[in-house]
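What follows is a single structure, written as structure tokens, with notes after it.
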Protein chains: 2
Amino acid sequence: MSASCGCLHIVGLGPGAESWITPEVSAAIASASDLVGYGPYLDRLPIRDGQARHPSGNRVELDRARHALALASAGRRVALVSGGDPGIFAMAAAVFEAIEQGEPSWRAIDIAVCPGISAMQAAAARMGAPLGADFCAISLSDNRKPWSLVARRLTAAAEGDFVLALYNPASAARPDQIHEAFALLRRLRAGATPVVFARAIGREDERVEITTLADADPGRADMATLVIVGSSATRVIARDGAPPFVYSPRGAEPWQ
Amino acid sequence: MSASCGCLHIVGLGPGAESWITPEVSAAIASASDLVGYGPYLDRLPIRDGQARHPSGNRVELDRARHALALASAGRRVALVSGGDPGIFAMAAAVFEAIEQGEPSWRAIDIAVCPGISAMQAAAARMGAPLGADFCAISLSDNRKPWSLVARRLTAAAEGDFVLALYNPASAARPDQIHEAFALLRRLRAGATPVVFARAIGREDERVEITTLADADPGRADMATLVIVGSSATRVIARDGAPPFVYSPRGAEPWQ
């Protein structure tokens, strides 16, 4: 679209497994002249002759977005590589924020977002269908929003009896939020509410732990963990010799 | 896992475009002895010799789930085909509900959920990153839950200042819910709040309409429409000669 014929694809690799990468994303990566992204994501991709790589650290989203936009603006075919779905707690919002703040010419760049499987979807698939009814997705990171807003949203989600998918539950720099979140949720929801810690889903060391709100140890959650907290309707199906299934019935009255 | 070696893959086709179907889903469909699903979804798939097809109508989810489980239990390799992501307002919850209510032996069936791109992700990708911050996904259908619960959740979502993704906004049998939902949201959110109607995304006749809560005509939504209602932080970036971008900054303070 721009005179220089550059373009920017913001692509989602999904949570880890190659079999979850869509053909659209694979094609955008294969045809790119330049790959931009967090280093470990780029490391997952095969080396191609003539394709430039621009790895960056994990706390510089806005700088990375600007770099990708500048390359596309200069006529390069850029794939900006994101984990999960770029549109869900990932790189797409940073790109549009950079566009709004940046060069007016950036608004004319040919841009496409290529969706991917987000962590909550992969986690849910591994244990049944915990997100089968109305749900909220909340990032517990307070890097860019005050904790009071996170607490307000957790409270509202509990009032609405939503299933909760909690992203970024903890990091080395923020070990306490998940404890505060659980303390808040325990005041608002029954102790028997199903809770799942899903770690590194789609990678070799993936792990799913199914427990209850009363029994959960929030300290189990780290940067690679997605936490799901059930609604009052979420159910656990016991099985002999296998992990239970967890699902949220499509309606409030599952037995009709 | 079961003695009969039957298995059930619950697979998500995404919203329509083939380039959004994951390799995992394509492989499960290719290797199935039996395909079960809503007729129009099965019609999207190539005919394969020796592969049986079991199409059904769109309002018999639980019967369809039981049929798929019975086939797997009898030793067939079944792919139960769902639109979008089977785990998000689609077939996976119906299967686990059928298991909980059904034959005890069904709990031993080898089952896998294969996630897909859900409608909200495809819609978001087409316009920017409206789901880039905390959001709720709500089905407006009251087939299986009372409208009072839908209203309670819309109210809670507004109190939490979440972005909203509204599934199943209307159908021929339920033309009024989306009007009631907008009437409720207009009392709780600013008229300038961005609203998007995304219809049939990934199909030939896809259409995206960007408006505001004050100006939106809820009658524009039908069964094939996904509605996104912004939070107080959701922004619209105007462009010359092109549709605007819509995005929700990752934090509450986008300009830091």
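Residue numbering restarts at 1 in every chain; chains get A, B, ... in the order shown in the structure tokens, and ligands count up from 1 in that same order.
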- Task: Select all residues from chain B having any atom no more than 6 Å from an atom of chain A (counting only C-alpha atoms, ignoring ligands), output as a ChimeraX atom specification.
- Result: /B:19-24,87-89,92-93,113,125,129,131-132,134-138,144-145,152-153,156,160,249,251-252
Would you put the residues from that selection into a file with C-alpha atoms, as a PDB file, in the first residue's frame?
```pdb
ATOM      1  CA  SER B  19      -5.082 -20.366   6.338  1.00  0.00           C
ATOM      2  CA  TRP B  20      -6.241 -20.153   9.978  1.00  0.00           C
ATOM      3  CA  ILE B  21      -6.602 -23.931  10.442  1.00  0.00           C
ATOM      4  CA  THR B  22      -3.699 -25.282  12.504  1.00  0.00           C
ATOM      5  CA  PRO B  23      -1.627 -28.248  11.284  1.00  0.00           C
ATOM      6  CA  GLU B  24      -2.785 -30.189  14.358  1.00  0.00           C
ATOM      7  CA  GLY B  87     -13.150 -24.468  23.822  1.00  0.00           C
ATOM      8  CA  ILE B  88     -14.777 -21.023  23.407  1.00  0.00           C
ATOM      9  CA  PHE B  89     -18.592 -21.068  23.068  1.00  0.00           C
ATOM     10  CA  ALA B  92     -15.872 -28.946  23.687  1.00  0.00           C
ATOM     11  CA  ALA B  93     -18.064 -28.016  26.670  1.00  0.00           C
ATOM     12  CA  VAL B 113      -9.134 -30.907  22.229  1.00  0.00           C
ATOM     13  CA  ALA B 125      -6.864  -8.942  13.890  1.00  0.00           C
ATOM     14  CA  ALA B 129      -5.714  -4.827  18.665  1.00  0.00           C
ATOM     15  CA  LEU B 131      -8.443  -7.074  22.800  1.00  0.00           C
ATOM     16  CA  GLY B 132      -4.932  -5.923  23.730  1.00  0.00           C
ATOM     17  CA  ASP B 134      -8.118  -7.092  29.916  1.00  0.00           C
ATOM     18  CA  PHE B 135     -11.349  -8.283  28.311  1.00  0.00           C
ATOM     19  CA  CYS B 136     -14.474 -10.385  28.830  1.00  0.00           C
ATOM     20  CA  ALA B 137     -16.076 -12.783  26.370  1.00  0.00           C
ATOM     21  CA  ILE B 138     -19.832 -13.132  26.821  1.00  0.00           C
ATOM     22  CA  ARG B 144     -29.248 -22.124  28.336  1.00  0.00           C
ATOM     23  CA  LYS B 145     -28.926 -19.315  30.876  1.00  0.00           C
ATOM     24  CA  ARG B 152     -25.423  -9.269  35.591  1.00  0.00           C
ATOM     25  CA  ARG B 153     -22.295 -10.101  33.592  1.00  0.00           C
ATOM     26  CA  ALA B 156     -19.966  -6.444  36.051  1.00  0.00           C
ATOM     27  CA  GLY B 160     -14.547  -3.536  35.699  1.00  0.00           C
ATOM     28  CA  PRO B 249      -3.366  -0.083  25.131  1.00  0.00           C
ATOM     29  CA  GLY B 251      -1.920  -0.524  30.335  1.00  0.00           C
ATOM     30  CA  ALA B 252      -4.306   2.050  31.645  1.00  0.00           C
TER      31      ALA B 252
END
```
- Query: When DSSP works through the backbone of this structure, what residues of range 93-238 of chain A end up as alpha helix (DSSP H), shown as number ranges by chain?
  - Reply: A: 93-101, 119-127, 147-159, 177-188
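CA of Ile201 in chain B lies 28.6 Å from CA of Arg64 in chain A.
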With DSSP run on the backbone, what are the strand (DSSP E) residues within range 35-219 of chain A? I'd like them as a compact mmCIF listing (two decimals) with N, CA and C atoms, in the first residue's frame.
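Writing done, so here's out-v3.txt:
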```txt
# COMPACT_ATOMS: atom_id res chain seq x y z
N LEU A 35 12.97 -10.55 10.27
CA LEU A 35 12.23 -11.04 11.43
C LEU A 35 12.60 -10.19 12.64
N VAL A 36 11.59 -9.67 13.32
CA VAL A 36 11.81 -8.87 14.53
C VAL A 36 11.07 -9.57 15.66
N GLY A 37 11.70 -9.67 16.83
CA GLY A 37 10.99 -10.29 17.95
C GLY A 37 11.87 -10.53 19.16
N TYR A 38 11.22 -10.95 20.22
CA TYR A 38 11.92 -11.36 21.43
C TYR A 38 12.84 -12.54 21.06
N ALA A 52 17.04 -11.37 7.44
CA ALA A 52 17.71 -10.71 8.56
C ALA A 52 16.93 -10.94 9.85
N ARG A 53 17.64 -11.05 10.96
CA ARG A 53 17.01 -11.26 12.27
C ARG A 53 17.34 -10.12 13.20
N HIS A 54 16.35 -9.65 13.92
CA HIS A 54 16.53 -8.52 14.84
C HIS A 54 15.97 -8.91 16.20
N PRO A 55 16.73 -9.70 16.98
CA PRO A 55 16.21 -10.11 18.30
C PRO A 55 16.30 -8.97 19.31
N SER A 56 15.39 -9.01 20.29
CA SER A 56 15.45 -8.01 21.36
C SER A 56 15.04 -8.64 22.68
N ARG A 77 10.03 -6.20 4.04
CA ARG A 77 8.89 -7.08 4.36
C ARG A 77 9.13 -7.66 5.75
N VAL A 78 8.48 -7.11 6.75
CA VAL A 78 8.82 -7.43 8.14
C VAL A 78 7.79 -8.38 8.75
N ALA A 79 8.27 -9.43 9.42
CA ALA A 79 7.40 -10.23 10.29
C ALA A 79 7.82 -9.93 11.73
N LEU A 80 6.89 -9.35 12.49
CA LEU A 80 7.12 -9.10 13.91
C LEU A 80 6.54 -10.31 14.65
N VAL A 81 7.42 -11.06 15.29
CA VAL A 81 7.05 -12.37 15.84
C VAL A 81 6.66 -12.22 17.31
N SER A 82 5.46 -12.67 17.62
CA SER A 82 4.91 -12.58 18.97
C SER A 82 4.63 -14.00 19.47
N ASP A 110 1.39 -0.87 5.14
CA ASP A 110 0.55 -2.06 4.91
C ASP A 110 0.77 -3.02 6.09
N ILE A 111 -0.23 -3.12 6.96
CA ILE A 111 -0.10 -3.90 8.20
C ILE A 111 -1.16 -4.98 8.26
N ALA A 112 -0.76 -6.17 8.68
CA ALA A 112 -1.74 -7.24 8.93
C ALA A 112 -1.40 -7.93 10.25
N VAL A 113 -2.42 -8.20 11.04
CA VAL A 113 -2.25 -9.00 12.25
C VAL A 113 -2.67 -10.44 11.89
N CYS A 114 -1.81 -11.39 12.20
CA CYS A 114 -2.10 -12.81 11.93
C CYS A 114 -2.29 -13.50 13.27
N GLY A 128 -9.85 -30.01 29.21
CA GLY A 128 -11.28 -30.14 28.96
C GLY A 128 -11.79 -28.89 28.30
N ALA A 129 -12.69 -28.18 28.98
CA ALA A 129 -13.27 -26.96 28.40
C ALA A 129 -13.61 -25.96 29.50
N PHE A 135 -16.23 -15.75 30.12
CA PHE A 135 -14.97 -15.67 30.88
C PHE A 135 -14.32 -14.30 30.71
N CYS A 136 -13.39 -14.01 31.64
CA CYS A 136 -12.56 -12.80 31.55
C CYS A 136 -11.11 -13.20 31.43
N ALA A 137 -10.35 -12.45 30.66
CA ALA A 137 -8.90 -12.61 30.59
C ALA A 137 -8.27 -11.36 31.20
N ILE A 138 -7.44 -11.57 32.21
CA ILE A 138 -6.84 -10.45 32.95
C ILE A 138 -5.34 -10.68 33.06
N SER A 139 -4.55 -9.66 32.75
CA SER A 139 -3.11 -9.71 33.02
C SER A 139 -2.85 -9.17 34.41
N VAL A 163 -15.70 -17.20 34.59
CA VAL A 163 -14.45 -17.93 34.64
C VAL A 163 -13.32 -16.92 34.42
N LEU A 164 -12.18 -17.13 35.06
CA LEU A 164 -11.05 -16.21 34.95
C LEU A 164 -9.85 -16.89 34.30
N ALA A 165 -9.25 -16.25 33.32
CA ALA A 165 -7.95 -16.66 32.79
C ALA A 165 -6.96 -15.58 33.19
N LEU A 166 -5.97 -15.94 34.02
CA LEU A 166 -5.02 -14.96 34.54
C LEU A 166 -3.67 -15.12 33.83
N TYR A 167 -3.29 -14.07 33.07
CA TYR A 167 -2.01 -14.04 32.37
C TYR A 167 -0.97 -13.33 33.24
N PRO A 194 -12.91 -24.77 41.25
CA PRO A 194 -11.75 -25.37 40.59
C PRO A 194 -10.72 -24.31 40.15
N VAL A 195 -9.45 -24.63 40.36
CA VAL A 195 -8.35 -23.76 39.95
C VAL A 195 -7.33 -24.62 39.22
N VAL A 196 -6.79 -24.09 38.11
CA VAL A 196 -5.79 -24.84 37.34
C VAL A 196 -4.57 -23.97 37.11
N PHE A 197 -3.39 -24.55 37.36
CA PHE A 197 -2.13 -23.94 36.96
C PHE A 197 -1.63 -24.71 35.74
N ALA A 198 -1.51 -24.04 34.62
CA ALA A 198 -1.05 -24.68 33.38
C ALA A 198 0.27 -24.02 32.99
N ARG A 199 1.34 -24.81 33.04
CA ARG A 199 2.67 -24.24 32.81
C ARG A 199 3.29 -24.76 31.52
N ARG A 207 3.08 -28.80 32.17
CA ARG A 207 2.56 -29.38 33.41
C ARG A 207 1.21 -28.74 33.70
N VAL A 208 0.23 -29.56 34.07
CA VAL A 208 -1.09 -29.07 34.45
C VAL A 208 -1.38 -29.53 35.87
N GLU A 209 -1.75 -28.61 36.72
CA GLU A 209 -2.08 -28.95 38.10
C GLU A 209 -3.51 -28.47 38.38
N ILE A 210 -4.38 -29.41 38.78
CA ILE A 210 -5.78 -29.10 39.04
C ILE A 210 -6.02 -29.15 40.54
N THR A 211 -6.56 -28.05 41.09
CA THR A 211 -6.75 -27.97 42.53
C THR A 211 -8.01 -27.14 42.80
N THR A 212 -8.12 -26.59 44.00
CA THR A 212 -9.27 -25.74 44.32
C THR A 212 -8.76 -24.39 44.84
```
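One distance worth recording is that between CA of Asp215 in chain B and CA of Arg189 in chain B, which is 13.0 Å.
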- Message: For Arg76 in chain B, find every residue with an atom within 6 Å (counting only C-alpha atoms), except residues of its own chain fewer than 3 positions away, and show them as a PyMOL selection string.
- Response: chain B and resi 6+71-72
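Among B:Arg203, B:Arg187, B:Arg59, B:Arg66, the residue with the shortest atom-to-atom distance to Ala224 in chain B, counting only C-alpha atoms, is B:Arg203.
For the atom pair formed by CA of Thr193 in chain B and CA of Gly230 in chain B, the distance is 5.8 Å, given to one decimal.
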- Message: Neighbouring residues of range 176-179 of chain A were defined as those with any atom within 7 Å, considering only C-alpha atoms; residues of the same chain fewer than 6 positions away were excluded. Please report them as a list in words.
- Response: Leu140, Pro169, Ala170 and Pro218 of chain A
